[in-house]
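Colleague: Input: one structure, supplied below.
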Amino acid sequence: MKDHYAFPHFNYWDSNSIRAEIAAAEELKLPVILAWAQKHSAEISMEDALGLGKFFGAKAKVPVILHLDHGFTPELVKKGVDDGFTSVMIDASDKDFDTNVAITKDIAEYAHARGVVEAEIGHVGTNSTKDDSKYTEVDAAKEFAEKAGVDSLAVSIGTSHGIYQTGTPKLNFKRLSELRAAMKIPLVLHGGSSSGDQDLQKAAELGITKVNIYTDLAMASLHATQKQKFAMEPDMAAAQKKAIKDLCEHYYHVFETDKYQYRV
C-alpha cells in the first residue's frame with residue numbers, strides 16, 4: 001500500500017519506561033500508544049499501571065492512548081474500561097472460534113460506549129517454549145470481525161511473543177496481503193520485537209496499522225545496565241531511560257510513522 005505507515009505500541013512496566021516512551025514521542029512530535037498487559041500483573045498491578053499512565057499522560061505534550069493489552073479475563077477488561085483505559089484488548093484467541101466470538105462480542109458491546117476494542121484471531125505464540133503460533137485464516141478473520149464487532153484485529157502471520165532463539169521469524173506477507181484485502185478494520189501485529197526492521201517496515205507498507213513492542217524495550221533497558229558500572233542508581237536509571245527512548249524513536253522511523261499528517 002503506497003504511503004502506508006503503522007503506529008508503534010509500547011508496553012511499559014514502571015515509571016522509567018513510560019517516561020522514556022513519552023519522551024520519544026515528544027521528541028518526534030507524534031502521538032503514542034502506551035500499554036499495560038495482564039501478564040505484567042506480577043510486576044505492576046493494573047491499578048498502579050493505570051495511575052502512572054494517567055499521571056504522565058496528562059503531563060505529556062503529545063496525545064497519549066492508554067491501552068489494556070492482552071486482557072485474558074473479561075471481568076478485568078471491563079474493569080479496565082470503567083477505570084479509564086482508552087482502548088482495551090480482549091484475548092480469547094486460545095478458545096475455539098465460537099467462544100472467542102462470544103467473549104469478544106460481550107466486551108465490544110460493553111466497551112463501545114466508552115472506548116475501542118481489539119481482539120486476536122489465529123494465535124501469536126511464544127518463544128519461551130515450543131512455537132504454538134497459528135496463522136490467521138482470511139475467511140475466519142472476516143467472519144470474526146463481523147460477528148464480534150471489534151474495531152481492530154490482531155492477526156498471526158509468523159511473529160511470536162518473547163525472545164527469538166534462532167534469528168528472525170519468517171513472516172507470511174502473502175497472508176497479510178490477503179487479510180488486508182478482505183478486511184476493513186485496522187490490522188495489528190503482535191510480537192514485533194526483533195522481527196527484523198525490513199520485515200516490520202514491509203508489514204506496515206502492506207497494511208499493518210499498529211505493531212506491539214515490549215521485549216526489545218525491556219532488553220534494551222537490561223543491556224544498558226550491563227554495559228558499565230554505575231556510581232549511583234539514578235545514573236543507571238538515566239542510562240536505561242535513554243536506551244528505551246532511543247529504541248522507541250527507532251521504531252517510529254521503521255514504521256514510517258512520520259508520514260502521519262497530524263504532527264503535534
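Lettering and numbering for the C-alpha cells are positional, with chains as A, B, ... in the shown order, residues counted from 1 in each chain, and ligands counted from 1 in the shown order.
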Find the residues near stretch 80-86 of chain A: any atom within 9 Å, counting only C-alpha atoms, skip ones fewer than 4 places away on the same chain, and give them as JSON, numbers by chain.
Modeller: {"A": [46, 47, 50, 53, 54, 64, 65, 66, 67, 68, 75, 76, 110, 111, 114, 115, 116]}
Colleague: May I have a table of the residues of stretch 6-46 of chain A lying at most 10 Å from stretch 87-106 of chain A, giving each one's closest pair of atoms and their distance in Å to one decimal, counting only C-alpha atoms, ordered by chain and ascending residue number, as CSV?
Modeller:
residue,atom,partner,partner_atom,distance
A:Ile33,CA,A:Ser87,CA,9.8
A:Ala35,CA,A:Val88,CA,9.3
A:Trp36,CA,A:Val88,CA,9.8
A:Ala37,CA,A:Met89,CA,9.1
Colleague: To one decimal in Å, tell me the separation between atom CA of A:Phe56 and atom CA of A:Trp13.
Modeller: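 We find that atom CA of A:Phe56 and atom CA of A:Trp13 lie 13.3 Å from each other.
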Colleague: Residues at most 9 Å from stretch 217-234 of chain A, counting only C-alpha atoms, excluding those fewer than 3 positions away in the same chain, as an mmCIF file with N, CA and C atoms, in the first residue's frame?
Modeller:
data_model
loop_
_atom_site.group_PDB
_atom_site.id
_atom_site.type_symbol
_atom_site.label_atom_id
_atom_site.label_comp_id
_atom_site.auth_asym_id
_atom_site.auth_seq_id
_atom_site.Cartn_x
_atom_site.Cartn_y
_atom_site.Cartn_z
ATOM 1 N N PHE A 10 3.839 0.670 22.624
ATOM 2 C CA PHE A 10 4.905 0.376 23.580
ATOM 3 C C PHE A 10 4.321 -0.055 24.918
ATOM 4 N N ASN A 11 4.693 -1.246 25.377
ATOM 5 C CA ASN A 11 4.315 -1.657 26.728
ATOM 6 C C ASN A 11 5.252 -0.981 27.735
ATOM 7 N N TYR A 12 4.698 -0.581 28.872
ATOM 8 C CA TYR A 12 5.519 -0.025 29.945
ATOM 9 C C TYR A 12 5.336 -0.865 31.201
ATOM 10 N N TRP A 13 6.329 -0.847 32.074
ATOM 11 C CA TRP A 13 6.310 -1.699 33.257
ATOM 12 C C TRP A 13 6.712 -0.952 34.534
ATOM 13 N N SER A 17 10.169 3.460 32.278
ATOM 14 C CA SER A 17 9.848 3.073 30.900
ATOM 15 C C SER A 17 8.774 3.970 30.298
ATOM 16 N N SER A 193 8.826 -7.280 18.457
ATOM 17 C CA SER A 193 10.224 -7.194 18.894
ATOM 18 C C SER A 193 11.123 -8.182 18.154
ATOM 19 N N ILE A 213 5.341 -3.604 20.670
ATOM 20 C CA ILE A 213 6.740 -3.759 21.043
ATOM 21 C C ILE A 213 6.858 -3.784 22.565
ATOM 22 N N TYR A 214 7.432 -4.833 23.094
ATOM 23 C CA TYR A 214 7.729 -4.883 24.528
ATOM 24 C C TYR A 214 9.117 -5.460 24.795
ATOM 25 N N ALA A 237 19.456 4.406 36.092
ATOM 26 C CA ALA A 237 18.098 4.660 35.608
ATOM 27 C C ALA A 237 18.109 5.594 34.397
ATOM 28 N N ALA A 238 19.003 6.573 34.419
ATOM 29 C CA ALA A 238 19.105 7.508 33.296
ATOM 30 C C ALA A 238 19.578 6.777 32.030
ATOM 31 N N ALA A 239 20.534 5.853 32.191
ATOM 32 C CA ALA A 239 21.020 5.086 31.046
ATOM 33 C C ALA A 239 19.916 4.185 30.501
ATOM 34 N N GLN A 240 19.142 3.584 31.389
ATOM 35 C CA GLN A 240 18.018 2.756 30.960
ATOM 36 C C GLN A 240 16.995 3.579 30.192
ATOM 37 N N LYS A 241 16.676 4.743 30.721
ATOM 38 C CA LYS A 241 15.689 5.611 30.074
ATOM 39 C C LYS A 241 16.142 6.015 28.675
ATOM 40 N N LYS A 242 17.423 6.366 28.542
ATOM 41 C CA LYS A 242 17.939 6.760 27.228
ATOM 42 C C LYS A 242 17.874 5.598 26.240
ATOM 43 N N ALA A 243 18.217 4.394 26.706
ATOM 44 C CA ALA A 243 18.189 3.229 25.815
ATOM 45 C C ALA A 243 16.774 2.954 25.318
ATOM 46 N N ILE A 244 15.800 3.043 26.211
ATOM 47 C CA ILE A 244 14.401 2.819 25.825
ATOM 48 C C ILE A 244 13.939 3.914 24.873
ATOM 49 N N LYS A 245 14.247 5.168 25.193
ATOM 50 C CA LYS A 245 13.839 6.298 24.353
ATOM 51 C C LYS A 245 14.411 6.158 22.944
ATOM 52 N N LEU A 247 15.359 3.514 21.346
ATOM 53 C CA LEU A 247 14.762 2.406 20.611
ATOM 54 C C LEU A 247 13.341 2.748 20.174
ATOM 55 N N CYS A 248 12.608 3.457 21.010
ATOM 56 C CA CYS A 248 11.260 3.889 20.619
ATOM 57 C C CYS A 248 11.315 4.783 19.381
#
Colleague: What is the distance, in Å and to one decimal place, between atom CA of A:Val211 and atom CA of A:Tyr5?
Modeller: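 Atom CA of A:Val211 sits 10.4 Å away from atom CA of A:Tyr5.
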